[in-house]
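Report on the following structure.
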Amino acid sequence: MEGDKIRVTGRSNSGDESSQSFSIKEVDAKFGEYKDSIAKLVAKAENYSPLDEQSGSSESNSDTNVDTKNLTSEQLKEWVSAVLDKQFSMGRSSFPYDLIVENNDGYAYVRVKHSELQVDTITMFRINDEGQLEE
């Protein structure tokens, strides 16, 4: 702290560093904005449905049924991404990932691999006979 200013230093994964000074009032305001943004993102993840991708709007989906046994690869990846993002927000250790869709024994599987480390598989998801996503 320098008087009523706080110096914030950020470092990127590549090692780049940047610093900036803020007043305590500015930090409080930015933190409030950040909390509001996070709350909105968490609400979106909690309410995510593959239906959103088909119609383009979550409000118009109230009386539409989706056959979760018949999703596109992209819809399945988005569903798994929403689940992972929710898990990360609830304390699971976050990591950069790649999603690979596979078909094994008639089931759609999504293999979750770490995108930066040489690791075979972190976890897998699949859609079961009832159209539910299982990890």
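Chains: A, B, ... in order of the structure tokens. Residues: from 1 per chain. Ligands: from 1, in order shown.
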Neighbours of A:Asn70 within 10 Å (only C-alpha atoms; same-chain residues fewer than 5 positions away dropped), as a PDB file with N, CA and C atoms, in the first residue's frame?
ATOM      1  N   GLN A  75     -22.854 -30.334 -28.988  1.00  0.00           N
ATOM      2  CA  GLN A  75     -23.756 -30.193 -27.839  1.00  0.00           C
ATOM      3  C   GLN A  75     -23.254 -31.012 -26.654  1.00  0.00           C
ATOM      4  N   LEU A  76     -22.761 -32.215 -26.939  1.00  0.00           N
ATOM      5  CA  LEU A  76     -22.242 -33.070 -25.876  1.00  0.00           C
ATOM      6  C   LEU A  76     -21.014 -32.430 -25.234  1.00  0.00           C
ATOM      7  N   ALA A 108     -22.090 -42.751 -26.263  1.00  0.00           N
ATOM      8  CA  ALA A 108     -21.275 -41.572 -26.566  1.00  0.00           C
ATOM      9  C   ALA A 108     -20.448 -41.245 -25.330  1.00  0.00           C
ATOM     10  N   ILE A 127     -23.127 -40.656 -21.937  1.00  0.00           N
ATOM     11  CA  ILE A 127     -24.580 -40.587 -21.827  1.00  0.00           C
ATOM     12  C   ILE A 127     -25.068 -42.011 -21.664  1.00  0.00           C
ATOM     13  N   GLY A 131     -30.297 -41.294 -21.135  1.00  0.00           N
ATOM     14  CA  GLY A 131     -29.969 -39.977 -21.666  1.00  0.00           C
ATOM     15  C   GLY A 131     -29.357 -39.049 -20.624  1.00  0.00           C
TER      16      GLY A 131
END
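Between atom CA of A:Ser73 and atom CA of A:Tyr109 the interatomic distance comes to 9.8 Å.
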Checklist entry - Near A:Gly3, counting only C-alpha atoms, which residues have an atom at most 12 Å away, once you skip same-chain residues fewer than 5 positions from it, shown as a list in words? => result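 These residues fall inside the cut-off: Ser21, Phe22, Ser23 and Ile24 of chain A.
Counting from atom CA of A:Glu26, the distance to atom CA of A:Ile6 is 9.6 Å.
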Next on the checklist: One number please: atom CA of A:Val110 to atom CA of A:Glu135, in Å, one decimal.
Outcome noted: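 Calculated distance between atom CA of A:Val110 and atom CA of A:Glu135 is 9.3 Å.
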Next on the checklist: My list of candidates is A:Ser115, A:Leu133, A:Asn104, A:Val27. Which is closest to A:Lys77 when distances are computed with only C-alpha atoms?
Outcome noted: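 Closest to A:Lys77 of all the choices is A:Leu133.
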Checklist entry - Which one of A:Asn128, A:Thr121, A:Gln20, A:Ser12 sits closest to A:Tyr107 if you count only C-alpha atoms? => result A:Asn128
Checklist entry - A:Glu116, A:Phe125, A:Trp79, A:Leu84: which is nearest A:Pro96, counting only C-alpha atoms? => result A:Glu116
